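Here is model-v3.cif, consisting of mmCIF, C-alpha atoms:
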```cif
data_run
loop_
_atom_site.label_atom_id
_atom_site.label_comp_id
_atom_site.auth_asym_id
_atom_site.auth_seq_id
_atom_site.Cartn_x
_atom_site.Cartn_y
_atom_site.Cartn_z
CA MET A 1 84.76 56.16 99.01
CA LYS A 2 82.67 58.46 101.19
CA ARG A 3 85.52 58.57 103.72
CA ASN A 4 88.01 59.62 100.99
CA ILE A 5 85.72 62.47 99.89
CA ILE A 6 85.48 63.74 103.47
CA LEU A 7 89.27 63.61 103.84
CA LEU A 8 89.69 65.48 100.53
CA ILE A 9 87.30 68.24 101.62
CA ALA A 10 89.10 68.54 104.96
CA PHE A 11 92.45 68.77 103.16
CA VAL A 12 91.17 71.54 100.85
CA VAL A 13 89.73 73.51 103.81
CA LEU A 14 92.94 73.19 105.79
CA GLY A 15 95.01 74.18 102.77
CA ALA A 16 92.90 77.26 102.16
CA ALA A 17 93.17 78.21 105.81
CA ALA A 18 96.95 77.81 105.70
CA ILE A 19 97.22 80.02 102.61
CA TYR A 20 95.02 82.67 104.27
CA ILE A 21 97.14 82.68 107.43
CA TYR A 22 100.37 82.88 105.43
CA LYS A 23 99.13 85.83 103.40
CA LYS A 24 97.93 87.58 106.54
CA GLN A 25 101.31 87.12 108.24
CA THR A 26 103.34 88.25 105.24
CA GLY A 27 101.13 91.24 104.60
CA SER A 28 100.37 90.24 101.04
CA THR A 29 96.63 90.64 101.65
CA LEU A 30 97.35 94.31 102.48
CA SER A 31 98.87 95.20 99.11
CA GLY A 32 96.87 97.65 97.08
CA GLN A 33 95.21 99.26 100.09
CA PRO A 34 96.11 103.00 100.10
CA LEU A 35 96.59 103.22 103.87
CA THR A 36 99.21 100.47 103.82
CA GLU A 37 101.30 101.99 101.00
CA PHE A 38 103.91 103.83 103.05
CA ALA A 39 106.53 104.01 100.30
CA ILE A 40 107.03 106.86 97.84
CA GLN A 41 108.75 105.48 94.77
CA ASP A 42 109.83 108.77 93.24
CA THR A 43 111.84 110.32 96.06
CA ALA A 44 113.09 113.00 93.64
CA SER A 45 109.60 114.48 93.91
CA ILE A 46 110.02 115.02 97.67
CA ASN A 47 110.89 118.64 98.39
CA LYS A 48 110.31 118.90 102.16
CA ILE A 49 110.11 116.63 105.21
CA PHE A 50 108.96 117.70 108.67
CA LEU A 51 109.73 115.51 111.69
CA THR A 52 108.54 116.11 115.24
CA ASP A 53 108.31 114.20 118.51
CA ASN A 54 106.41 114.54 121.77
CA ASN A 55 109.40 116.11 123.55
CA GLY A 56 109.06 119.33 121.60
CA LYS A 57 111.88 118.64 119.15
CA SER A 58 111.26 119.18 115.46
CA VAL A 59 113.22 119.59 112.24
CA THR A 60 112.28 120.65 108.74
CA ILE A 61 114.56 119.68 105.89
CA GLU A 62 114.01 121.16 102.44
CA ARG A 63 115.53 120.39 99.07
CA THR A 64 117.53 123.23 97.54
CA PRO A 65 116.83 124.26 93.93
CA ASN A 66 120.26 123.19 92.68
CA ASN A 67 119.82 119.72 94.26
CA GLY A 68 122.83 120.20 96.56
CA LEU A 69 122.72 120.02 100.34
CA TRP A 70 119.24 120.29 101.84
CA THR A 71 118.52 123.13 104.26
CA LEU A 72 117.78 122.45 107.93
CA ASN A 73 115.18 124.55 109.75
CA GLY A 74 115.81 127.34 107.28
CA LYS A 75 119.21 128.28 108.78
CA TYR A 76 121.71 125.42 108.44
CA LYS A 77 122.74 122.80 105.91
CA ALA A 78 121.55 119.24 106.54
CA ARG A 79 123.82 116.20 106.56
CA ARG A 80 123.83 114.60 103.14
CA ASP A 81 124.14 111.06 104.57
CA ALA A 82 121.18 111.54 106.93
CA VAL A 83 118.98 112.91 104.12
CA ASN A 84 119.92 110.03 101.81
CA THR A 85 119.20 107.47 104.54
CA LEU A 86 115.77 108.98 105.17
CA LEU A 87 114.91 109.08 101.46
CA GLU A 88 116.06 105.48 101.08
CA THR A 89 113.79 104.48 103.96
CA ILE A 90 110.79 106.27 102.44
CA ASN A 91 111.47 104.56 99.12
CA ARG A 92 111.91 101.01 100.44
CA ILE A 93 109.57 100.83 103.43
CA ARG A 94 107.03 98.02 103.23
CA VAL A 95 104.29 96.54 105.41
CA ARG A 96 105.29 93.22 106.92
CA GLY A 97 101.95 92.53 108.58
CA ALA A 98 99.16 93.83 110.77
CA VAL A 99 99.45 94.47 114.49
CA SER A 100 97.59 91.76 116.41
CA ALA A 101 94.16 92.58 117.77
CA THR A 102 95.35 92.01 121.34
CA SER A 103 98.13 94.60 121.08
CA ARG A 104 96.33 97.08 118.84
CA ASP A 105 95.03 99.41 121.58
CA ASN A 106 98.36 99.46 123.38
CA MET A 107 100.24 100.28 120.18
CA MET A 108 97.84 103.14 119.49
CA ARG A 109 98.55 104.55 122.95
CA VAL A 110 102.30 104.27 122.35
CA LEU A 111 101.98 106.09 119.03
CA ALA A 112 99.99 108.85 120.73
CA SER A 113 102.32 109.27 123.70
CA ALA A 114 105.80 108.50 122.38
CA GLY A 115 105.55 108.33 118.61
CA LYS A 116 107.10 110.62 116.01
CA LYS A 117 105.18 112.38 113.28
CA VAL A 118 106.72 112.62 109.81
CA GLU A 119 105.13 114.80 107.12
CA ILE A 120 106.40 114.21 103.58
CA TYR A 121 105.76 116.90 100.96
CA THR A 122 106.02 116.54 97.20
CA GLY A 123 105.43 120.13 96.15
CA GLY A 124 101.99 120.97 97.50
CA ASP A 125 100.90 122.83 100.61
CA GLU A 126 99.61 119.59 102.11
CA PRO A 127 101.84 116.60 102.82
CA ALA A 128 101.56 113.72 100.39
CA LYS A 129 101.87 111.23 103.26
CA ILE A 130 102.13 111.37 107.03
CA TYR A 131 103.83 108.68 109.09
CA TYR A 132 103.28 108.08 112.79
CA VAL A 133 106.37 106.17 113.86
CA GLY A 134 106.29 104.02 116.99
CA THR A 135 108.56 101.50 118.65
CA SER A 136 110.12 98.29 117.41
CA THR A 137 108.56 94.87 117.56
CA PRO A 138 109.87 92.50 120.30
CA ASP A 139 112.28 90.89 117.80
CA HIS A 140 113.58 94.35 116.72
CA MET A 141 112.96 93.36 113.11
CA GLY A 142 109.89 95.54 112.53
CA THR A 143 108.57 98.99 113.38
CA VAL A 144 105.02 99.84 114.43
CA MET A 145 103.72 102.65 112.22
CA LEU A 146 100.47 104.21 111.12
CA LEU A 147 99.83 106.00 107.83
CA GLU A 148 97.70 109.03 107.02
CA ILE A 149 97.10 110.35 103.50
CA PRO A 150 95.38 113.75 103.28
CA GLY A 151 92.23 113.46 101.22
CA ILE A 152 91.93 109.75 101.95
CA GLY A 153 92.18 109.58 105.73
CA ARG A 154 94.11 107.95 108.53
CA ALA A 155 94.41 104.19 108.98
CA GLU A 156 92.35 102.80 111.84
CA ASP A 157 95.01 100.27 112.73
CA PRO A 158 98.81 100.47 112.90
CA TYR A 159 100.97 98.09 110.91
CA ILE A 160 104.35 96.44 111.31
CA THR A 161 106.74 97.87 108.74
CA HIS A 162 110.23 96.94 107.63
CA MET A 163 112.67 97.83 104.89
CA GLU A 164 113.61 95.23 102.34
CA GLY A 165 117.29 94.35 102.51
CA PHE A 166 117.73 95.90 105.97
CA THR A 167 117.98 94.06 109.28
CA GLY A 168 116.66 96.02 112.24
CA PHE A 169 113.95 98.55 113.03
CA LEU A 170 113.44 101.97 111.45
CA THR A 171 112.69 104.34 114.35
CA PRO A 172 116.28 105.69 114.70
CA ARG A 173 116.18 106.86 111.08
CA PHE A 174 113.48 109.39 111.95
CA PHE A 175 115.47 111.42 114.49
CA THR A 176 114.42 114.94 115.46
CA ASP A 177 117.50 116.50 117.07
CA GLU A 178 118.58 119.57 115.09
CA MET A 179 122.25 119.21 116.02
CA GLU A 180 122.32 115.59 114.85
CA TRP A 181 120.88 116.63 111.50
CA ARG A 182 123.32 119.47 110.99
CA TYR A 183 125.95 119.26 108.25
CA THR A 184 129.41 119.11 109.85
CA GLY A 185 131.55 120.31 106.95
CA TYR A 186 133.49 123.53 107.56
CA PHE A 187 136.26 123.76 104.98
CA ALA A 188 134.88 122.33 101.74
CA TYR A 189 136.80 123.25 98.59
CA PRO A 190 136.49 120.28 96.20
CA ASN A 191 138.21 122.23 93.40
CA LEU A 192 140.63 124.11 95.69
CA GLU A 193 138.75 127.38 95.31
CA PHE A 194 141.15 129.41 97.45
CA SER A 195 144.25 131.52 97.02
CA GLU A 196 145.87 131.09 100.43
CA ILE A 197 145.77 128.97 103.55
CA GLN A 198 147.34 129.77 106.91
CA VAL A 199 148.18 127.27 109.64
CA ILE A 200 149.08 129.25 112.76
CA ASP A 201 150.51 127.69 115.91
CA ASN A 202 149.74 130.34 118.52
CA TYR A 203 151.92 128.70 121.20
CA ASN A 204 154.89 128.09 118.89
CA PRO A 205 154.73 130.80 116.19
CA GLN A 206 157.92 129.55 114.52
CA ASN A 207 155.96 126.46 113.44
CA SER A 208 153.34 128.52 111.59
CA LEU A 209 153.14 128.51 107.81
CA GLY A 210 151.24 129.97 104.90
CA VAL A 211 150.68 128.58 101.43
CA GLN A 212 149.77 130.77 98.48
CA TYR A 213 148.05 128.95 95.64
CA LYS A 214 147.43 130.35 92.16
CA GLY A 215 146.34 127.13 90.48
CA GLY A 216 148.16 124.11 89.09
CA ASN A 217 151.75 123.98 90.32
CA ASN A 218 151.91 127.70 91.08
CA ILE A 219 152.40 127.25 94.82
CA SER A 220 154.58 129.07 97.32
CA LEU A 221 155.37 128.34 100.97
CA TRP A 222 155.85 131.14 103.50
CA ALA A 223 157.18 131.52 107.06
CA GLY A 224 157.64 134.44 109.45
CA TYR A 225 154.07 134.98 110.59
CA GLN A 226 153.23 138.57 111.57
CA PRO A 227 150.15 138.59 113.85
CA GLY A 228 149.50 142.30 113.45
CA VAL A 229 148.77 142.00 109.74
CA GLN A 230 147.92 138.29 109.68
CA ALA A 231 150.46 137.67 106.95
CA PHE A 232 153.79 135.96 106.35
CA SER A 233 157.01 137.77 105.49
CA THR A 234 159.51 135.10 104.44
CA PRO A 235 159.19 132.94 101.31
CA ILE A 236 160.70 129.44 101.49
CA PRO A 237 162.55 128.85 98.20
CA ASP A 238 163.13 125.12 98.58
CA TYR A 239 160.43 122.94 100.09
CA ASP A 240 158.78 119.53 99.76
CA SER A 241 156.26 120.28 97.02
CA ILE A 242 154.47 116.93 97.39
CA ALA A 243 153.88 117.50 101.10
CA VAL A 244 152.56 121.01 100.46
CA LYS A 245 150.21 119.76 97.72
CA ASP A 246 148.94 117.10 100.11
CA LEU A 247 148.16 119.85 102.63
CA LEU A 248 146.14 121.76 100.04
CA LEU A 249 144.19 118.63 99.13
CA LEU A 250 143.16 118.13 102.76
CA PHE A 251 141.05 121.28 102.48
CA LYS A 252 138.77 119.63 99.95
CA LYS A 253 136.79 118.17 102.83
CA VAL A 254 137.26 119.07 106.50
CA HIS A 255 134.44 118.09 108.85
CA PHE A 256 133.75 118.45 112.54
CA ASP A 257 132.72 115.45 114.55
CA SER A 258 129.61 117.21 115.82
CA TYR A 259 128.14 120.58 116.72
CA ASN A 260 126.41 118.87 119.63
CA THR A 261 129.08 119.69 122.24
CA LEU A 262 126.74 119.87 125.28
CA LEU A 263 128.96 122.70 126.56
CA ARG A 264 127.49 124.84 129.33
CA ARG A 265 127.72 128.62 129.06
CA GLU A 266 130.31 128.73 131.86
CA ALA A 267 132.54 126.31 129.92
CA MET A 268 132.22 128.38 126.74
CA ASP A 269 133.18 131.54 128.64
CA SER A 270 136.20 129.73 130.09
CA ILE A 271 137.38 128.62 126.63
CA ASN A 272 136.92 132.12 125.23
CA LYS A 273 139.34 133.51 127.83
CA VAL A 274 142.32 131.47 126.62
CA VAL A 275 144.41 131.77 123.48
CA PRO A 276 143.53 129.11 120.90
CA ALA A 277 146.20 126.50 120.30
CA TYR A 278 145.81 126.84 116.53
CA THR A 279 144.16 129.17 114.05
CA LEU A 280 143.29 128.11 110.50
CA ARG A 281 142.48 130.66 107.81
CA VAL A 282 141.48 130.16 104.20
CA LYS A 283 141.32 133.04 101.75
CA GLU A 284 138.75 132.05 99.17
CA ASN A 285 138.88 133.09 95.52
CA THR A 286 136.03 135.50 96.22
CA GLY A 287 138.28 137.37 98.66
CA LYS A 288 136.42 136.16 101.75
CA VAL A 289 138.57 134.83 104.59
CA LYS A 290 137.20 131.89 106.56
CA GLU A 291 138.69 131.30 110.02
CA LEU A 292 138.61 128.53 112.62
CA ASN A 293 140.14 128.42 116.10
CA LEU A 294 141.10 125.15 117.81
CA TYR A 295 141.49 124.85 121.59
CA ASN A 296 143.01 122.08 123.66
CA LYS A 297 140.27 120.10 125.39
CA ARG A 298 140.69 118.96 128.96
CA ALA A 299 140.72 115.18 129.34
CA ALA A 300 137.74 113.71 131.12
CA LYS A 301 139.94 110.98 132.59
CA ARG A 302 143.63 110.24 133.02
CA GLN A 303 145.45 110.12 129.69
CA PHE A 304 149.01 109.72 128.42
CA ASP A 305 150.72 111.15 125.36
CA GLU A 306 152.69 109.20 122.73
CA GLN A 307 155.83 109.30 124.91
CA GLY A 308 153.97 107.78 127.86
CA ASN A 309 153.80 111.02 129.83
CA GLU A 310 150.60 111.95 131.60
CA SER A 311 148.75 114.66 129.70
CA PRO A 312 145.93 116.93 130.87
CA TRP A 313 144.57 117.13 127.31
CA ASP A 314 142.07 114.96 125.49
CA GLY A 315 143.93 112.73 123.04
CA ASN A 316 141.03 112.54 120.59
CA PHE A 317 139.39 115.95 120.32
CA TYR A 318 139.88 119.71 120.18
CA TRP A 319 137.25 122.30 120.88
CA ALA A 320 136.63 124.20 117.64
CA LYS A 321 135.15 127.69 117.47
CA THR A 322 133.87 128.98 114.15
CA GLU A 323 134.07 132.55 112.94
CA ASP A 324 130.40 132.86 113.98
CA GLY A 325 131.30 131.96 117.56
CA GLU A 326 129.77 128.46 117.50
CA PHE A 327 131.51 125.56 119.22
CA ALA A 328 132.03 122.09 117.80
CA LEU A 329 134.00 118.93 118.51
CA ALA A 330 136.95 118.51 116.15
CA GLN A 331 138.60 115.10 115.86
CA LYS A 332 142.38 115.14 116.09
CA PHE A 333 142.40 112.31 113.55
CA VAL A 334 140.99 114.80 111.02
CA PHE A 335 142.79 117.99 112.07
CA ASN A 336 146.27 116.88 113.15
CA PRO A 337 147.42 116.18 109.56
CA ILE A 338 146.56 119.83 108.79
CA LEU A 339 148.40 121.13 111.87
CA LEU A 340 151.87 119.81 111.04
CA PRO A 341 154.64 122.34 111.78
CA LEU A 342 156.62 124.23 109.15
CA GLY A 343 159.51 121.74 109.44
CA ALA A 344 157.31 118.96 108.02
CA TYR A 345 157.31 120.77 104.65
CA LEU A 346 161.02 121.56 104.38
CA LYS A 347 163.26 119.37 102.26
CA LYS A 348 165.29 116.93 104.29
CA PRO A 349 169.08 117.12 103.83
CA LEU A 350 170.55 114.28 101.79
#
```
Rewritten as structure tokens:
Amino acid sequence: MKRNIILLIAFVVLGAAAIYIYKKQTGSTLSGQPLTEFAIQDTASINKIFLTDNNGKSVTIERTPNNGLWTLNGKYKARRDAVNTLLETINRIRVRGAVSATSRDNMMRVLASAGKKVEIYTGGDEPAKIYYVGTSTPDHMGTVMLLEIPGIGRAEDPYITHMEGFTGFLTPRFFTDEMEWRYTGYFAYPNLEFSEIQVIDNYNPQNSLGVQYKGGNNISLWAGYQPGVQAFSTPIPDYDSIAVKDLLLLFKKVHFDSYNTLLRREAMDSINKVVPAYTLRVKENTGKVKELNLYNKRAAKRQFDEQGNESPWDGNFYWAKTEDGEFALAQKFVFNPILLPLGAYLKKPL
């Protein structure tokens, strides 16, 4: 009898210890502690996020009053997908467990030397929460982070965080490169808010075309480009209306691949000295004309065209230069359907 009582007590003690260890590993004992509550449930209340790293890079993204694209560093538009990913992370981030005592000091050094700081504002002058984002755990399934809440303080120990429903670590979501954050849309007319588009082939002017659009099916196709006045002289009475409408629809959303071209000044000067292969112009309903020049890009390695002939040009990208003189990478996959010659829009003989 006495032996059974001793075994029962031992079983209860072991069971309690197992439950304690499980809760410690899963982080459930951390719930309710302010300095472990990384998430912000109401991301609509977030109006500004500041991210910086120890390499001197920093970005500030701010919500615009009309809830459209966020601004980036007060001068550009921010990528919608990147903003949504960051807000999703802030909403769903959870603590998976505490950093072990043996690795605590090392993790604190990593946070101090190579971590990223993220300040999240919800309308006040002070951030609502501040994240210090470190590296991944050895299994790449968690991220070492530390939380600070103004008015409450900074956590003494870092924690291992994760995002429910996501496999991987979170550090890449908190990037600080301005060019990576930048919105890549250039022609964006979701309701076709323009009266004319021009597709100009500067090397083969006979392939150039203009389309005048007055809404609905009131469309006209023009040839005979006159460079001096940047206009077309010859209306095309019979054309493939479906093909022309498809061209107009392409201008709903035209994006660059990236503004991060890594071009040196000497390379930019060299490009500026040559005639662009193509020029695109859009006359908006406001009367403003938006222009883009596309240049052939030298291939970095040996390439062949569709006929199997060796080509000096990159088969995937153009250099693009905006009307403000900025350079970007433009994917041929995106732009080539816009650059079809005039003949592509003429009716084929029966």
Quiz item: Between A:Ile149, A:Thr60, A:Val99, A:Ala128, which is the closest to A:Ser45 once you count all atoms listed in the file?
Solution: A:Ala128
Go through stretch 71-98 of chain A and flag each residue having an atom no more than 12 Å from stretch 156-171 of chain A; for those, report the closest pair of atoms plus their distance in Å to one decimal, using all atoms listed in the file, ordered by chain and rising number, as JSON lines.
```
{"residue": "A:Thr85", "atom": "CA", "partner": "A:Leu170", "partner_atom": "CA", "distance": 10.5}
{"residue": "A:Leu86", "atom": "CA", "partner": "A:Leu170", "partner_atom": "CA", "distance": 9.7}
{"residue": "A:Leu87", "atom": "CA", "partner": "A:Met163", "partner_atom": "CA", "distance": 12.0}
{"residue": "A:Glu88", "atom": "CA", "partner": "A:Met163", "partner_atom": "CA", "distance": 9.2}
{"residue": "A:Thr89", "atom": "CA", "partner": "A:Met163", "partner_atom": "CA", "distance": 6.8}
{"residue": "A:Ile90", "atom": "CA", "partner": "A:Met163", "partner_atom": "CA", "distance": 9.0}
{"residue": "A:Asn91", "atom": "CA", "partner": "A:Met163", "partner_atom": "CA", "distance": 8.9}
{"residue": "A:Arg92", "atom": "CA", "partner": "A:Met163", "partner_atom": "CA", "distance": 5.5}
{"residue": "A:Ile93", "atom": "CA", "partner": "A:Met163", "partner_atom": "CA", "distance": 4.6}
{"residue": "A:Arg94", "atom": "CA", "partner": "A:Thr161", "partner_atom": "CA", "distance": 5.5}
{"residue": "A:Val95", "atom": "CA", "partner": "A:Thr161", "partner_atom": "CA", "distance": 4.3}
{"residue": "A:Arg96", "atom": "CA", "partner": "A:Thr161", "partner_atom": "CA", "distance": 5.2}
{"residue": "A:Gly97", "atom": "CA", "partner": "A:Ile160", "partner_atom": "CA", "distance": 5.3}
{"residue": "A:Ala98", "atom": "CA", "partner": "A:Tyr159", "partner_atom": "CA", "distance": 4.6}
```
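In this model, the gap between atom CA of A:Asn54 and atom CA of A:Lys116 comes to 7.0 Å.
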Exercise. Report as a ChimeraX atom specification the residues that result from applying the PyMOL selection byres ((chain A and resi 329) around 8) to the structure here.
Key: /A:256-261,317-320,327-328,330-331
Practice problem: Could you check which of A:Asp105, A:Asp125, A:Asp238, A:Asp314 is closest to A:Arg302, using all atoms listed in the file? | Solution: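 Of A:Asp105, A:Asp125, A:Asp238, A:Asp314, the one nearest A:Arg302, counting all atoms listed in the file, is A:Asp314.
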Exercise. Rank nothing, just name the residue among A:Thr279, A:Asn293, A:Ser113, A:Asn218 nearest to A:Glu326, using only C-alpha atoms.
Key: A:Asn293
Quiz prompt | Spatial neighbours of A:Gly185, 10 Å, all atoms listed in the file, chain gap at least 2 places, as a VMD selection string | solution = chain A and resid 77 79 182 to 183 187 to 188 253 to 258
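Rounded to one decimal, atom CA of A:Pro150 and atom CA of A:Leu51 lie 16.7 Å from each other.
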Please evaluate the PyMOL selection byres ((chain A and resi 69-72) around 12) against the structure above and give the resulting residues as a PDB file with C-alpha atoms, keeping the file's coordinate frame.
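Listed below is the output, part.pdb:
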```pdb
ATOM      1  CA  ILE A  46     110.020 115.020  97.670  1.00  0.00           C
ATOM      2  CA  ASN A  47     110.890 118.640  98.390  1.00  0.00           C
ATOM      3  CA  LYS A  48     110.310 118.900 102.160  1.00  0.00           C
ATOM      4  CA  ILE A  49     110.110 116.630 105.210  1.00  0.00           C
ATOM      5  CA  PHE A  50     108.960 117.700 108.670  1.00  0.00           C
ATOM      6  CA  LEU A  51     109.730 115.510 111.690  1.00  0.00           C
ATOM      7  CA  SER A  58     111.260 119.180 115.460  1.00  0.00           C
ATOM      8  CA  VAL A  59     113.220 119.590 112.240  1.00  0.00           C
ATOM      9  CA  THR A  60     112.280 120.650 108.740  1.00  0.00           C
ATOM     10  CA  ILE A  61     114.560 119.680 105.890  1.00  0.00           C
ATOM     11  CA  GLU A  62     114.010 121.160 102.440  1.00  0.00           C
ATOM     12  CA  ARG A  63     115.530 120.390  99.070  1.00  0.00           C
ATOM     13  CA  THR A  64     117.530 123.230  97.540  1.00  0.00           C
ATOM     14  CA  PRO A  65     116.830 124.260  93.930  1.00  0.00           C
ATOM     15  CA  ASN A  66     120.260 123.190  92.680  1.00  0.00           C
ATOM     16  CA  ASN A  67     119.820 119.720  94.260  1.00  0.00           C
ATOM     17  CA  GLY A  68     122.830 120.200  96.560  1.00  0.00           C
ATOM     18  CA  ASN A  73     115.180 124.550 109.750  1.00  0.00           C
ATOM     19  CA  GLY A  74     115.810 127.340 107.280  1.00  0.00           C
ATOM     20  CA  LYS A  75     119.210 128.280 108.780  1.00  0.00           C
ATOM     21  CA  TYR A  76     121.710 125.420 108.440  1.00  0.00           C
ATOM     22  CA  LYS A  77     122.740 122.800 105.910  1.00  0.00           C
ATOM     23  CA  ALA A  78     121.550 119.240 106.540  1.00  0.00           C
ATOM     24  CA  ARG A  79     123.820 116.200 106.560  1.00  0.00           C
ATOM     25  CA  ARG A  80     123.830 114.600 103.140  1.00  0.00           C
ATOM     26  CA  ASP A  81     124.140 111.060 104.570  1.00  0.00           C
ATOM     27  CA  ALA A  82     121.180 111.540 106.930  1.00  0.00           C
ATOM     28  CA  VAL A  83     118.980 112.910 104.120  1.00  0.00           C
ATOM     29  CA  ASN A  84     119.920 110.030 101.810  1.00  0.00           C
ATOM     30  CA  THR A 176     114.420 114.940 115.460  1.00  0.00           C
ATOM     31  CA  ASP A 177     117.500 116.500 117.070  1.00  0.00           C
ATOM     32  CA  GLU A 178     118.580 119.570 115.090  1.00  0.00           C
ATOM     33  CA  MET A 179     122.250 119.210 116.020  1.00  0.00           C
ATOM     34  CA  GLU A 180     122.320 115.590 114.850  1.00  0.00           C
ATOM     35  CA  TRP A 181     120.880 116.630 111.500  1.00  0.00           C
ATOM     36  CA  ARG A 182     123.320 119.470 110.990  1.00  0.00           C
ATOM     37  CA  TYR A 183     125.950 119.260 108.250  1.00  0.00           C
ATOM     38  CA  THR A 184     129.410 119.110 109.850  1.00  0.00           C
ATOM     39  CA  GLY A 185     131.550 120.310 106.950  1.00  0.00           C
TER      40      GLY A 185
END
```
Quiz prompt | Nearest-residue call for A:Lys273, choices A:Tyr186, A:Tyr121, A:Phe174, A:Tyr295, using all atoms listed in the file | solution = A:Tyr295
Exercise. Give as a VMD selection string every residue, naming chains and numbers as the document does, that has an atom within 7 Å of (101.0, 107.4, 113.0), counting only C-alpha atoms.
Key: chain A and resid 111 117 131 to 133 145 to 147
Exercise. Determine the residue membership of the PyMOL selection byres ((chain A and resi 228-237) around 12) for the file above and supply it as an MDAnalysis selection string.
Key: chainID A and resid 196:200 205:206 208:212 219:227 238:241 244 279:283 289 291 342:343 345:347
Practice problem: Rank nothing, just name the residue among A:Asn217, A:Ser270, A:Asn55, A:Asn191 nearest to A:Lys252, using only C-alpha atoms. | Solution: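 Using only C-alpha atoms, A:Lys252 sits closest to A:Asn191.
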Exercise. Measure the distance from atom CA of A:Lys290 to atom CA of A:Glu323 in Å and round it to one decimal.
Key: 7.1 Å
As a compact mmCIF listing (two decimals), keeping the file's coordinate frame, the rebuilt stretch 114-119 of chain A with all heavy atoms:
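File written: rebuild.txt
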```txt
# COMPACT_ATOMS: atom_id res chain seq x y z
N ALA A 114 104.35 108.51 122.59
CA ALA A 114 105.80 108.50 122.38
C ALA A 114 106.20 108.38 120.91
O ALA A 114 107.38 108.20 120.61
CB ALA A 114 106.44 107.34 123.17
N GLY A 115 105.25 108.48 120.03
CA GLY A 115 105.55 108.33 118.61
C GLY A 115 106.12 109.60 118.00
O GLY A 115 106.13 110.67 118.61
N LYS A 116 106.61 109.48 116.79
CA LYS A 116 107.10 110.62 116.01
C LYS A 116 106.19 110.81 114.81
O LYS A 116 105.68 109.85 114.23
CB LYS A 116 108.53 110.37 115.55
CG LYS A 116 109.53 110.21 116.68
CD LYS A 116 110.90 109.84 116.16
CE LYS A 116 111.88 109.62 117.31
NZ LYS A 116 113.22 109.21 116.82
N LYS A 117 106.01 112.06 114.44
CA LYS A 117 105.18 112.38 113.28
C LYS A 117 106.09 112.85 112.15
O LYS A 117 106.96 113.70 112.36
CB LYS A 117 104.17 113.47 113.63
CG LYS A 117 103.20 113.81 112.51
CD LYS A 117 102.23 114.91 112.94
CE LYS A 117 101.25 115.24 111.83
NZ LYS A 117 100.33 116.34 112.24
N VAL A 118 105.89 112.29 110.97
CA VAL A 118 106.72 112.62 109.81
C VAL A 118 105.80 113.03 108.66
O VAL A 118 105.01 112.24 108.18
CB VAL A 118 107.59 111.42 109.39
CG1 VAL A 118 108.47 111.79 108.21
CG2 VAL A 118 108.41 110.90 110.56
N GLU A 119 105.92 114.29 108.25
CA GLU A 119 105.13 114.80 107.12
C GLU A 119 106.04 114.88 105.89
O GLU A 119 107.10 115.51 105.94
CB GLU A 119 104.55 116.18 107.44
CG GLU A 119 103.59 116.18 108.62
CD GLU A 119 103.07 117.58 108.92
OE1 GLU A 119 103.44 118.54 108.19
OE2 GLU A 119 102.28 117.73 109.88
```
